[in-house]
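Undergrad: Can you read through this structure? Questions will come right after.
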Amino acid sequence: MHPAFPYLADASDIVSAPLVINTSFFNDLVRLPLRNLSLFVQSLAPSQFDVRHGFDLSHYRGAQWNDTYAELGSYDHPVDPVVPRTTGHTAAELEYQRSHPQSTERIGVKLPAAFKQFEYRATLLYLAKILALAREKGVEIRFLYLPSFRASSGPAFAKIYRSSGPLSEMPQDIRNDPNLWSDVDHLNFAGARRLSEWLGREIAKDAAGK
């Protein structure tokens, strides 16, 4: 479960989220009243929290916000022009990041291979709902696997993905080039551009084949 879920989800989505196995369920549930209380207080005194009730175009980053640009400055004093994330790392530095994660996001239930499907049960339930909605609306599904730096394995549930739609994987030349990574899990500006160009060609080939 993504760490942003309790901040963005509707209250009903948090309460009705899958319980087994979902290690973030109770943490998300506890955050809910705190989130609503914070929203209530900020609505009483918006000026004290730099909160605006209405839409302010000058503070809108746009529908195509690109996180491969550095997030510097503030809404009132944005950096202009924006600065691309071009910093790279050596392979050794990226491997060190992999073995020394700086957050708890990677910590969760780790079950034996025979029970791996239960470890991600909550995520797979949401995937099933997305696929069902896509079929209902007549929307085609395509999967894109974006691994971490120099990851050698494919997606854990490739069979499930391929049974529902085509599955593309990030090319090895992008995976293995340390100059294209902002950190072990995220591409920098150059890496994202390389990936986008490759993906555009893949989509064009797919469209031409129909």
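Quick note on naming: the chains in the structure tokens go A, B, ... in the order shown, residues restart at 1 in each chain, and ligands are numbered from 1 in order of appearance.
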Pull the alpha helix (DSSP H) assignments for segment 3-198 of chain A out of DSSP run on the backbone, and list those residues as a PyMOL selection string.
TA: chain A and resi 5-8+11-15+25-44+91-99+116-119+121-137+158-162+172-175+189-198
Undergrad: Quick one: DSSP strand (DSSP E or B) residues in segment 25-201 of chain A, as a list in words?
TA: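 In segment 25-201 of chain A, DSSP puts these residues in strand (DSSP E or B): Tyr69, Gly73, Pro78, Pro84, Phe143, Leu144, Tyr145, Leu167, Ser168, Glu169, Trp181, Ser182, Asp183, His186 and Leu187 of chain A.
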Undergrad: How about saving the chosen residues, C-alpha atoms kept, as a PDB file, in the first residue's frame?
TA:
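Saved file out-v8.pdb follows:
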ATOM      1  CA  TYR A  69      12.605  18.626 -12.205  1.00  0.00           C
ATOM      2  CA  GLY A  73      11.160  27.287  -3.810  1.00  0.00           C
ATOM      3  CA  PRO A  78       8.690  29.376  -7.293  1.00  0.00           C
ATOM      4  CA  PRO A  84      16.117  19.408 -14.122  1.00  0.00           C
ATOM      5  CA  PHE A 143       1.478  -2.769 -18.153  1.00  0.00           C
ATOM      6  CA  LEU A 144       4.885  -1.135 -17.777  1.00  0.00           C
ATOM      7  CA  TYR A 145       7.489  -2.577 -15.418  1.00  0.00           C
ATOM      8  CA  LEU A 167       3.632  -6.161 -20.486  1.00  0.00           C
ATOM      9  CA  SER A 168       6.625  -3.974 -21.377  1.00  0.00           C
ATOM     10  CA  GLU A 169       9.801  -3.801 -19.297  1.00  0.00           C
ATOM     11  CA  TRP A 181      19.344   7.531 -11.904  1.00  0.00           C
ATOM     12  CA  SER A 182      18.557  10.180  -9.287  1.00  0.00           C
ATOM     13  CA  ASP A 183      18.563   7.447  -6.639  1.00  0.00           C
ATOM     14  CA  HIS A 186      14.050   6.921  -9.423  1.00  0.00           C
ATOM     15  CA  LEU A 187      15.344   8.056 -12.793  1.00  0.00           C
TER      16      LEU A 187
END
Undergrad: Measuring atom to atom with only C-alpha atoms, identify which of A:Leu44, A:Ala11, A:Ala92, A:Ile160 is nearest to Arg31 of chain A.
TA: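 Closest to Arg31 of chain A of all the choices is A:Ala11.
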Undergrad: How far is it from atom CA of Ser38 of chain A to atom CA of Asp67 of chain A, in Å with one decimal?
TA: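 Pair atom CA of Ser38 of chain A / atom CA of Asp67 of chain A returns 26.7 Å.
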Undergrad: With distances taken over only C-alpha atoms, which of A:Phe25, A:Phe149, A:Tyr161, A:Tyr120 is nearest to Asn188 of chain A?
TA: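 When distances to Asn188 of chain A are compared using only C-alpha atoms, the smallest one comes from A:Phe149.
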Undergrad: My list of candidates is A:Pro178, A:Pro3, A:Pro147, A:Gly165. Which is closest to Ala134 of chain A when distances are computed with only C-alpha atoms?
TA: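 Result for the nearest residue to Ala134 of chain A: A:Gly165.
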Undergrad: In Å, how far is it from atom CA of Asp56 of chain A to atom CA of Gln42 of chain A?
TA: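 Atom CA of Gln42 of chain A lies at a distance of 17.1 Å from atom CA of Asp56 of chain A.
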Undergrad: What is the atom CA of Gly191 of chain A-atom CA of Pro101 of chain A distance in Å, reported with one decimal?
TA: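 Computing it gives 21.3 Å between the two atoms.
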Undergrad: Kindly indicate which residue among A:Lys159, A:Arg121, A:Arg135, A:Arg193 lies nearest to Ala17 of chain A, using only C-alpha atoms for the distances.
TA: A:Arg121
Undergrad: Smallest atom-to-atom distance to Val82 of chain A: which of A:Phe40, A:Phe189, A:Asn27, A:Phe115, using only C-alpha atoms?
TA: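 Nearest candidate to Val82 of chain A out of A:Phe40, A:Phe189, A:Asn27, A:Phe115: A:Phe189.
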Undergrad: Return the single residue from A:Leu32, A:Ala192, A:Met170, A:Glu197 that is closest to Asn66 of chain A, with distances computed using only C-alpha atoms.
TA: A:Ala192
Undergrad: List the spatial neighbours of Tyr126 of chain A as an NGL selection string - criterion: any atom at most 12 Å away, only C-alpha atoms, same-chain residues fewer than 6 positions off excluded.
TA: :A and (1 or 13 or 16-18 or 120 or 132-133)
Undergrad: The selected residues should be written to file as a short mmCIF file (atom, residue, chain, number, x, y, z; two decimals), in the first residue's frame (atoms: C-alpha atoms).
TA:
data_model
loop_
_atom_site.label_atom_id
_atom_site.label_comp_id
_atom_site.auth_asym_id
_atom_site.auth_seq_id
_atom_site.Cartn_x
_atom_site.Cartn_y
_atom_site.Cartn_z
CA MET A 1 0.00 0.00 0.00
CA ASP A 13 -11.81 4.11 0.88
CA SER A 16 -13.19 -0.24 3.45
CA ALA A 17 -9.60 -1.05 2.41
CA PRO A 18 -8.66 -4.75 2.39
CA TYR A 120 0.39 -8.56 -1.89
CA ALA A 132 -12.84 -4.97 -14.15
CA LEU A 133 -13.58 -1.26 -14.52
#
